[in-house]
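Visitor: If it helps, the file is called upload18.txt and holds compact mmCIF, C-alpha atoms:
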# COMPACT_ATOMS: atom_id res chain seq x y z
CA MET T 30 9.20 -45.41 -11.96
CA GLY T 31 10.42 -42.08 -10.65
CA LEU T 32 13.99 -40.89 -11.09
CA THR T 33 14.69 -41.20 -7.36
CA SER T 34 12.80 -44.48 -6.80
CA ASP T 35 14.59 -47.57 -5.48
CA LYS T 36 13.00 -49.62 -8.27
CA ALA T 37 14.67 -47.52 -10.97
CA LEU T 38 18.05 -47.88 -9.25
CA ALA T 39 17.59 -51.63 -8.75
CA LEU T 40 16.61 -52.07 -12.41
CA ALA T 41 19.66 -50.13 -13.60
CA VAL T 42 22.01 -52.13 -11.35
CA SER T 43 20.44 -55.41 -12.48
CA ALA T 44 20.79 -54.41 -16.13
CA ALA T 45 24.45 -53.47 -15.65
CA VAL T 46 25.24 -56.74 -13.87
CA GLY T 47 23.30 -58.78 -16.44
CA LEU T 48 25.01 -57.14 -19.38
CA PHE T 49 28.43 -57.61 -17.79
CA VAL T 50 27.77 -61.31 -17.23
CA GLY T 51 26.35 -61.60 -20.75
CA THR T 52 29.41 -59.93 -22.23
CA VAL T 53 31.77 -62.34 -20.46
CA TRP T 54 29.63 -65.32 -21.49
CA LEU T 55 29.19 -64.36 -25.14
CA TRP T 56 32.66 -62.92 -25.80
CA PRO T 57 34.20 -66.20 -27.03
CA ARG T 58 31.40 -66.60 -29.57
CA LEU T 59 32.01 -63.07 -30.84
CA ALA T 60 35.79 -63.43 -31.15
CA ARG T 61 35.68 -63.85 -34.93
CA ARG T 62 36.49 -61.02 -37.37
CA SER T 63 33.20 -60.97 -39.19
CA ARG T 64 31.14 -57.81 -39.29
CA ARG T 65 28.43 -59.46 -37.27
CA ALA T 66 30.87 -60.51 -34.54
CA VAL T 67 32.49 -57.05 -34.39
CA GLY T 68 29.07 -55.42 -34.26
CA GLY T 69 28.05 -57.75 -31.44
CA ARG T 70 31.14 -56.88 -29.42
CA VAL T 71 30.58 -53.16 -29.93
CA GLY T 72 26.92 -53.49 -28.99
CA LEU T 73 27.66 -55.43 -25.83
CA LEU T 74 30.39 -53.04 -24.70
CA PHE T 75 28.27 -49.99 -25.43
CA SER T 76 25.20 -51.43 -23.67
CA THR T 77 27.24 -52.46 -20.63
CA GLN T 78 28.87 -49.04 -20.35
CA LEU T 79 25.51 -47.30 -20.75
CA ALA T 80 23.87 -49.45 -18.08
CA LEU T 81 26.81 -48.92 -15.73
CA PHE T 82 26.68 -45.16 -16.29
CA ALA T 83 22.92 -45.16 -15.62
CA ALA T 84 23.35 -47.16 -12.40
CA VAL T 85 26.12 -44.90 -11.09
CA GLY T 86 24.21 -41.78 -12.12
CA LEU T 87 21.00 -42.89 -10.45
CA GLY T 88 22.89 -43.88 -7.30
CA ALA T 89 24.69 -40.52 -7.15
CA ASN T 90 21.44 -38.67 -7.73
CA GLN T 91 19.77 -40.54 -4.88
CA ALA T 92 22.70 -39.77 -2.58
CA PHE T 93 23.08 -36.08 -3.42
CA GLY T 94 19.63 -35.06 -4.70
CA PHE T 95 20.73 -33.31 -7.90
CA TYR T 96 17.42 -33.89 -9.73
CA ALA T 97 13.98 -34.67 -8.32
CA SER T 98 12.30 -36.13 -11.42
CA TRP T 99 12.83 -37.14 -15.04
CA ALA T 100 11.37 -33.80 -16.12
CA ASP T 101 13.85 -32.00 -13.87
CA LEU T 102 16.72 -34.05 -15.33
CA PHE T 103 15.78 -33.19 -18.92
CA GLY T 104 15.04 -29.53 -18.21
CA GLN T 105 11.29 -29.92 -18.60
CA GLU T 106 10.21 -28.98 -15.09
CA ASP T 107 7.17 -26.74 -15.35
CA GLU T 108 6.16 -26.34 -11.72
CA LEU T 109 4.95 -22.78 -11.18
CA GLY T 110 6.63 -21.10 -8.24
CA VAL T 111 5.03 -17.65 -8.41
CA VAL T 112 1.23 -17.53 -8.41
CA VAL T 113 -1.63 -15.25 -7.41
CA ASP T 114 -3.86 -16.89 -4.80
CA HIS T 115 -7.52 -16.08 -5.51
CA THR T 116 -8.78 -17.92 -2.42
CA PRO T 117 -7.14 -16.13 0.51
CA ALA T 118 -9.67 -17.62 2.93
CA ARG T 119 -7.62 -20.82 2.89
CA GLY T 120 -4.83 -19.02 4.70
CA PRO T 121 -1.15 -18.64 3.86
CA LEU T 122 -0.20 -22.15 5.03
CA ARG T 123 -2.00 -25.38 4.21
CA ILE T 124 -1.03 -28.90 5.35
CA VAL T 125 -0.87 -31.28 2.40
CA ASP T 126 0.40 -34.48 4.04
CA THR T 127 1.93 -35.87 7.22
CA ARG T 128 4.59 -38.54 7.72
CA ARG T 129 6.69 -40.04 10.48
CA VAL T 130 10.26 -38.94 11.10
CA PRO T 131 12.68 -41.33 9.32
CA GLY T 132 14.45 -43.50 11.87
CA ALA T 133 12.25 -42.41 14.77
CA ALA T 134 11.60 -45.08 17.38
CA SER T 135 7.85 -44.52 17.22
CA ALA T 136 5.30 -43.35 14.65
CA ARG T 137 3.36 -41.58 17.41
CA PRO T 138 4.01 -37.82 17.20
CA GLN T 139 4.24 -37.56 21.00
CA LEU T 140 7.24 -39.91 20.94
CA GLY T 141 8.88 -39.49 17.55
CA GLY T 142 7.72 -36.10 16.30
CA GLN T 143 6.12 -35.52 12.92
CA ILE T 144 6.90 -34.13 9.48
CA GLN T 145 4.18 -32.16 7.72
CA LYS T 146 4.30 -31.29 4.05
CA VAL T 147 2.78 -27.85 3.58
CA GLY T 148 1.99 -25.37 0.85
CA ILE T 149 2.84 -21.75 1.63
CA VAL T 150 1.57 -18.63 -0.15
CA GLY T 151 3.31 -15.35 0.66
CA GLY T 152 0.89 -12.76 1.98
CA THR T 153 2.72 -9.84 0.36
CA THR T 154 4.86 -11.43 -2.37
CA ARG T 155 2.25 -13.99 -3.55
CA ILE T 156 5.06 -16.51 -3.94
CA ALA T 157 3.75 -20.07 -3.56
CA THR T 158 6.07 -22.92 -2.63
CA PRO T 159 6.04 -26.27 -0.81
CA ALA T 160 7.99 -27.00 2.37
CA TYR T 161 8.42 -29.69 5.01
CA VAL T 162 7.86 -28.77 8.65
CA TYR T 163 9.43 -30.89 11.39
CA LEU T 164 7.59 -30.75 14.70
CA PRO T 165 9.49 -32.24 17.68
CA PRO T 166 7.79 -34.74 20.03
CA GLU T 167 7.42 -32.07 22.71
CA TYR T 168 5.13 -30.10 20.38
CA PHE T 169 2.48 -32.82 20.80
CA GLN T 170 2.95 -33.54 24.51
CA PRO T 171 0.23 -32.22 26.86
CA GLN T 172 2.64 -30.61 29.31
CA PHE T 173 3.97 -28.34 26.52
CA ARG T 174 0.60 -27.42 24.97
CA THR T 175 1.02 -23.71 25.77
CA ARG T 176 4.72 -23.53 24.97
CA THR T 177 6.09 -21.72 21.94
CA PHE T 178 9.10 -23.18 20.16
CA PRO T 179 12.07 -21.64 18.37
CA ALA T 180 12.16 -22.26 14.63
CA ALA T 181 14.84 -22.54 11.98
CA VAL T 182 14.43 -22.32 8.22
CA VAL T 183 16.62 -24.92 6.49
CA LEU T 184 17.51 -24.33 2.83
CA THR T 185 18.99 -26.58 0.16
CA GLY T 186 21.41 -25.53 -2.52
CA TYR T 187 20.39 -24.89 -6.13
CA PRO T 188 18.40 -26.54 -7.59
CA GLY T 189 18.06 -28.95 -4.66
CA THR T 190 15.08 -30.91 -3.38
CA ALA T 191 13.41 -30.29 -0.04
CA GLU T 192 13.00 -34.06 0.37
CA ALA T 193 16.79 -34.40 0.53
CA LEU T 194 16.85 -32.33 3.73
CA VAL T 195 14.61 -34.98 5.30
CA ASP T 196 15.86 -38.22 3.75
CA LYS T 197 19.51 -37.56 2.84
CA LEU T 198 20.75 -34.89 5.23
CA ASP T 199 18.63 -36.24 8.13
CA TYR T 200 17.79 -32.88 9.68
CA PRO T 201 14.65 -34.08 11.56
CA ARG T 202 16.24 -37.25 12.93
CA THR T 203 19.40 -35.37 13.94
CA ALA T 204 17.41 -32.63 15.68
CA GLY T 205 15.32 -35.20 17.54
CA ARG T 206 18.37 -37.15 18.67
CA LEU T 207 20.24 -34.04 19.85
CA ALA T 208 17.20 -32.79 21.78
CA ALA T 209 16.74 -36.22 23.41
CA TYR T 210 20.38 -36.09 24.54
CA GLY T 211 19.91 -32.58 25.93
CA ARG T 212 22.38 -31.05 23.48
CA MET T 213 19.81 -28.68 21.92
CA GLN T 214 16.34 -27.43 22.74
CA PRO T 215 13.34 -28.85 20.86
CA MET T 216 13.01 -26.78 17.71
CA ILE T 217 10.69 -26.54 14.70
CA LEU T 218 12.42 -26.89 11.32
CA VAL T 219 10.96 -25.43 8.11
CA MET T 220 12.77 -27.28 5.32
CA MET T 221 12.62 -26.08 1.73
CA ARG T 222 14.68 -25.05 -1.24
CA PRO T 223 15.51 -21.41 -2.01
CA THR T 224 14.34 -21.99 -5.58
CA VAL T 225 10.83 -20.59 -5.08
CA ALA T 226 10.44 -19.64 -8.76
CA PRO T 227 11.78 -22.73 -10.56
CA PRO T 228 13.75 -23.18 -12.66
CA ARG T 229 15.19 -19.71 -12.01
CA ASP T 230 17.86 -19.30 -9.35
CA THR T 231 16.86 -16.04 -7.67
CA GLU T 232 19.70 -16.09 -5.09
CA CYS T 233 17.16 -14.84 -2.50
CA VAL T 234 17.04 -11.43 -4.17
CA ASP T 235 14.05 -9.11 -4.59
CA ILE T 236 14.32 -9.00 -8.38
CA PRO T 237 12.93 -5.77 -9.92
CA GLY T 238 9.83 -6.79 -11.83
CA GLY T 239 10.34 -10.41 -10.74
CA PRO T 240 10.01 -12.70 -7.71
CA GLN T 241 10.47 -10.88 -4.40
CA THR T 242 12.35 -13.77 -2.86
CA GLU T 243 14.14 -11.92 -0.05
CA SER T 244 10.89 -10.40 1.15
CA PHE T 245 9.26 -13.83 1.08
CA PHE T 246 11.89 -15.32 3.38
CA ALA T 247 12.21 -12.21 5.57
CA LYS T 248 8.49 -11.60 6.19
CA ASP T 249 5.98 -13.88 4.46
CA LEU T 250 7.47 -17.21 5.52
CA PRO T 251 7.85 -16.38 9.24
CA ASP T 252 4.36 -14.82 9.25
CA ALA T 253 2.79 -17.91 7.63
CA VAL T 254 4.53 -20.37 9.95
CA SER T 255 3.94 -18.29 13.10
CA GLY T 256 0.27 -17.96 12.20
CA HIS T 257 -0.18 -21.73 12.04
CA TYR T 258 2.27 -23.22 14.57
CA ARG T 259 3.28 -22.32 18.12
CA VAL T 260 6.39 -20.38 17.14
CA GLY T 261 7.66 -17.39 19.07
CA ARG T 262 7.03 -14.10 17.28
CA GLU T 263 9.50 -12.02 19.26
CA PRO T 264 13.03 -11.25 17.95
CA GLY T 265 15.38 -14.08 18.82
CA GLY T 266 13.01 -16.93 18.01
CA TRP T 267 14.10 -17.64 14.43
CA GLY T 268 17.30 -18.93 12.84
CA ILE T 269 18.18 -19.93 9.29
CA ILE T 270 20.54 -22.61 7.93
CA GLY T 271 21.55 -23.48 4.39
CA ASP T 272 24.16 -25.19 2.27
CA SER T 273 25.79 -23.81 -0.88
CA THR T 274 23.28 -21.37 -2.43
CA GLY T 275 21.09 -21.86 0.64
CA GLY T 276 24.11 -21.02 2.79
CA TYR T 277 24.62 -17.72 0.99
CA CYS T 278 20.91 -16.97 1.43
CA ALA T 279 21.07 -17.82 5.14
CA LEU T 280 23.98 -15.47 5.79
CA LYS T 281 22.47 -12.66 3.74
CA LEU T 282 19.03 -12.92 5.34
CA ALA T 283 20.50 -12.93 8.86
CA MET T 284 22.63 -9.88 8.00
CA HIS T 285 19.85 -7.95 6.25
CA HIS T 286 17.09 -8.90 8.72
CA PRO T 287 18.62 -9.45 12.18
CA ARG T 288 15.31 -8.77 13.94
CA THR T 289 13.83 -11.72 12.05
CA TYR T 290 16.79 -14.10 12.09
CA ALA T 291 18.89 -14.03 15.24
CA ALA T 292 21.27 -16.63 13.79
CA GLY T 293 22.31 -17.61 10.27
CA ALA T 294 24.48 -20.59 9.32
CA GLY T 295 26.03 -20.93 5.87
CA LEU T 296 27.51 -24.37 5.14
CA SER T 297 29.91 -24.22 2.16
CA ALA T 298 28.48 -20.79 1.42
CA TYR T 299 29.72 -18.14 -0.97
CA TYR T 300 29.53 -14.44 -0.23
CA LYS T 301 28.42 -12.71 -3.42
CA ALA T 302 25.46 -13.51 -5.68
CA PRO T 303 26.63 -14.93 -9.04
CA ILE T 304 25.17 -13.92 -12.38
CA ASP T 305 24.86 -16.77 -14.87
CA ALA T 306 22.41 -18.57 -17.12
CA THR T 307 20.42 -19.90 -14.15
CA THR T 308 19.99 -16.50 -12.46
CA GLY T 309 19.43 -14.18 -15.37
CA ASP T 310 19.74 -10.46 -14.67
CA LEU T 311 19.01 -10.30 -10.94
CA PHE T 312 19.53 -6.58 -10.43
CA GLN T 313 18.19 -4.94 -13.62
CA GLY T 314 20.84 -2.22 -13.41
CA ASP T 315 20.06 -1.38 -9.77
CA GLU T 316 23.51 -0.76 -8.28
CA GLU T 317 22.22 -0.47 -4.71
CA LEU T 318 20.51 -3.84 -4.98
CA ARG T 319 23.68 -5.38 -6.44
CA ASN T 320 25.77 -4.00 -3.60
CA ARG T 321 23.39 -5.23 -0.88
CA ALA T 322 23.60 -8.75 -2.33
CA ASN T 323 27.40 -8.62 -1.99
CA LEU T 324 28.21 -9.55 1.61
CA TRP T 325 31.73 -8.12 1.31
CA TRP T 326 30.29 -4.73 0.36
CA TYR T 327 27.64 -4.98 3.06
CA LEU T 328 30.20 -5.53 5.81
CA ALA T 329 32.28 -2.60 4.61
CA HIS T 330 29.53 -0.02 4.03
CA MET T 331 26.48 -0.84 6.17
CA PRO T 332 26.00 -0.77 9.96
CA ALA T 333 27.02 -4.06 11.53
CA PRO T 334 23.94 -6.22 12.10
CA ASP T 335 23.21 -7.49 15.62
CA THR T 336 23.05 -11.17 14.69
CA SER T 337 25.11 -14.35 14.96
CA LEU T 338 26.67 -16.01 11.92
CA LEU T 339 28.26 -19.42 11.39
CA VAL T 340 30.30 -20.40 8.32
CA SER T 341 31.86 -23.69 7.30
CA SER T 342 34.56 -24.90 4.94
CA SER T 343 37.31 -27.50 4.54
CA LYS T 344 41.05 -26.97 4.26
CA VAL T 345 41.14 -29.51 1.41
CA GLY T 346 38.26 -30.01 -1.00
CA GLU T 347 36.30 -26.76 -0.69
CA SER T 348 36.85 -23.83 -3.03
CA ASN T 349 35.56 -21.28 -0.51
CA TYR T 350 38.20 -21.96 2.16
CA LYS T 351 40.28 -18.77 1.72
CA ASP T 352 37.19 -16.60 1.28
CA THR T 353 35.70 -18.09 4.43
CA LEU T 354 38.78 -17.24 6.50
CA LYS T 355 38.70 -13.71 5.11
CA PHE T 356 34.97 -13.41 5.83
CA ILE T 357 35.54 -14.46 9.45
CA GLU T 358 38.13 -11.70 9.89
CA ARG T 359 35.86 -9.10 8.27
CA VAL T 360 32.99 -9.98 10.59
CA LYS T 361 35.23 -9.98 13.67
CA ALA T 362 36.29 -6.45 12.78
CA THR T 363 32.70 -5.19 13.08
CA LYS T 364 32.75 -5.81 16.88
CA LEU T 365 28.94 -6.25 16.93
CA THR T 366 28.14 -9.15 14.61
CA ARG T 367 29.15 -12.47 16.15
CA ILE T 368 30.89 -15.13 14.03
CA SER T 369 31.58 -18.84 14.53
CA SER T 370 32.97 -21.45 12.17
CA VAL T 371 33.28 -25.15 11.39
CA ILE T 372 36.51 -25.87 9.51
CA LEU T 373 37.15 -29.49 8.52
CA GLU T 374 40.54 -30.87 7.55
CA SER T 375 39.04 -32.23 4.32
CA GLY T 376 35.63 -32.46 2.73
CA GLY T 377 34.00 -31.72 -0.58
CA HIS T 378 30.99 -29.68 -1.62
CA ASN T 379 28.59 -32.55 -0.98
CA PHE T 380 26.09 -34.23 1.33
CA ASN T 381 28.70 -36.29 3.17
CA THR T 382 30.52 -33.13 4.27
CA TRP T 383 27.34 -31.36 5.33
CA ARG T 384 26.16 -34.37 7.34
CA ARG T 385 29.35 -34.01 9.39
CA GLU T 386 28.60 -30.32 10.03
CA ILE T 387 24.84 -30.45 10.68
CA PRO T 388 24.86 -31.73 14.32
CA GLY T 389 27.18 -28.97 15.48
CA THR T 390 25.27 -26.42 13.42
CA LEU T 391 21.92 -27.37 14.96
CA GLU T 392 23.40 -27.14 18.46
CA TRP T 393 24.88 -23.74 17.63
CA VAL T 394 21.61 -22.36 16.23
CA SER T 395 19.59 -23.76 19.13
CA GLY T 396 21.86 -22.08 21.64
CA ARG T 397 21.19 -18.67 20.10
CA LEU T 398 17.40 -18.82 19.90
CA SER T 399 14.67 -18.30 22.46
CA GLY T 400 11.29 -20.03 22.41
What does the file become when written as structure tokens?

Guide:
Amino acid sequence: MGLTSDKALALAVSAAVGLFVGTVWLWPRLARRSRRAVGGRVGLLFSTQLALFAAVGLGANQAFGFYASWADLFGQEDELGVVVDHTPARGPLRIVDTRRVPGAASARPQLGGQIQKVGIVGGTTRIATPAYVYLPPEYFQPQFRTRTFPAAVVLTGYPGTAEALVDKLDYPRTAGRLAAYGRMQPMILVMMRPTVAPPRDTECVDIPGGPQTESFFAKDLPDAVSGHYRVGREPGGWGIIGDSTGGYCALKLAMHHPRTYAAGAGLSAYYKAPIDATTGDLFQGDEELRNRANLWWYLAHMPAPDTSLLVSSSKVGESNYKDTLKFIERVKATKLTRISSVILESGGHNFNTWRREIPGTLEWVSGRLSG
């Protein structure tokens, strides 16, 4: 049973309930002061607490997508994120699987759209990573067979799971519903995590001597997707959205590469790349690279990028609230870069908050892209 499977959660909940009932039932028999009775009470209490902790932990992990597998939980994930592809004839994008959109009224792509799991290999960076591509119903309808569609990259936080963007944050279903209501144009979504070299958190930086993550997202990813799907190649056809670490990446990529990303939305984003045990030394002493990764420095010292940015926070519950207000003012002062915001009265750094912000964010991105 996988870490995120319903069977594992059901087993943990059943064990917790069974142990609780057993404790209540057996407690009178273990009320004596003998060593055996005391040991029985301790064992029952410990087992019940452990089962309860496991049930709550598994439920929280399913809701928020902290870990994707048992190996991920215990720090044993060995998936290789940076490879050299010796068979370039296969192309930079390969479809691995297809599935229906969760909650869609029909399994037929022409009516409910489709989600394709793909493998992508960067043409210049050689970074290899999986992603999920949402294709709207219009993509499969005969009357739109020559139409190109706008696209948005959607990024998780760190470490994150791309599946959570589909199943927990409901990006495909939300996009389909908004397009059906006429609140946004049909749009292709490329959903993935920014952790393209797991378990390292590269913060979407071109690391000297390491993964060239920024170049992958700025060039290789749009090239691979545009070469396989009907996505507009002209400036103005791509946007990028992310939460937490993905939000920082989205803002940075839109600022650094405005001709690639006409809009960037950072939900609960921060504005400067951290250095910690998960990132390692990102800059290798390169002061220019360090400065470029600092959005405060970039706004103060580089020409204002011709792009649109959206940031989000909450007055209560988010640690980035004051920084977000300051960032809005800094961007407004540039006169060229456009800034919008979603500020909630309260909300934490979690899926529930982002689900409240995603519909408005998708509408905002859609309104700034051309097909």

Visitor: Dump as a ChimeraX atom specification all residues having an atom at most 9 Å from (20.1, -15.4, 6.4), computed in the file's coordinates with all atoms listed in the file.

Guide: /T:246-247,268-271,275-287,290,292-295,338

Visitor: Would you put the residues from that selection into a file with C-alpha atoms, as a compact mmCIF listing (two decimals), in the coordinates of the input?

Guide:
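again37.txt, written as the output of this step:
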# COMPACT_ATOMS: atom_id res chain seq x y z
CA PHE T 246 11.89 -15.32 3.38
CA ALA T 247 12.21 -12.21 5.57
CA GLY T 268 17.30 -18.93 12.84
CA ILE T 269 18.18 -19.93 9.29
CA ILE T 270 20.54 -22.61 7.93
CA GLY T 271 21.55 -23.48 4.39
CA GLY T 275 21.09 -21.86 0.64
CA GLY T 276 24.11 -21.02 2.79
CA TYR T 277 24.62 -17.72 0.99
CA CYS T 278 20.91 -16.97 1.43
CA ALA T 279 21.07 -17.82 5.14
CA LEU T 280 23.98 -15.47 5.79
CA LYS T 281 22.47 -12.66 3.74
CA LEU T 282 19.03 -12.92 5.34
CA ALA T 283 20.50 -12.93 8.86
CA MET T 284 22.63 -9.88 8.00
CA HIS T 285 19.85 -7.95 6.25
CA HIS T 286 17.09 -8.90 8.72
CA PRO T 287 18.62 -9.45 12.18
CA TYR T 290 16.79 -14.10 12.09
CA ALA T 292 21.27 -16.63 13.79
CA GLY T 293 22.31 -17.61 10.27
CA ALA T 294 24.48 -20.59 9.32
CA GLY T 295 26.03 -20.93 5.87
CA LEU T 338 26.67 -16.01 11.92

Visitor: Return the single residue from T:Gln91, T:Thr231, T:Thr175, T:Gln139 that is closest to Asp35 of chain T, with distances computed using all atoms listed in the file.

Guide: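 Using all atoms listed in the file, the shortest distance to Asp35 of chain T belongs to T:Gln91.
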
Visitor: Within 12 Å of Gln143 of chain T, counting all atoms listed in the file, which residues show up once you throw out same-chain ones fewer than 3 positions away? Write them as a ChimeraX atom specification, please.

Guide: /T:126-140,146,161-169,195,201-202,204-205,217-218

Visitor: Measure the distance from atom CA of Asp252 of chain T to atom CA of Met220 of chain T in Å and round it to one decimal.

Guide: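 Atom CA of Asp252 of chain T sits 15.5 Å away from atom CA of Met220 of chain T.
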
Visitor: Have a look at T:Thr177, T:Gln241, T:Thr158, T:Thr203 and name the one nearest to Gly141 of chain T; count only C-alpha atoms.

Guide: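 Among T:Thr177, T:Gln241, T:Thr158, T:Thr203, it is T:Thr203 that comes nearest to Gly141 of chain T.
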
Visitor: For a test of reading the model, state the distance in Å between atom CA of Pro227 of chain T and atom CA of Pro188 of chain T, rounded to one decimal.

Guide: 8.2 Å

Visitor: Atom CA of Ala89 of chain T to atom CA of Leu198 of chain T: how many Å, to one decimal?

Guide: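 For atom CA of Ala89 of chain T relative to atom CA of Leu198 of chain T, the distance reads 14.2 Å.
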
Visitor: Name the residues in contact with Ala84 of chain T at a cut-off of 6 Å, using only C-alpha atoms, excluding same-chain residues fewer than 3 positions from it; report them as a PyMOL selection string.

Guide: chain T and resi 41-42+81+87
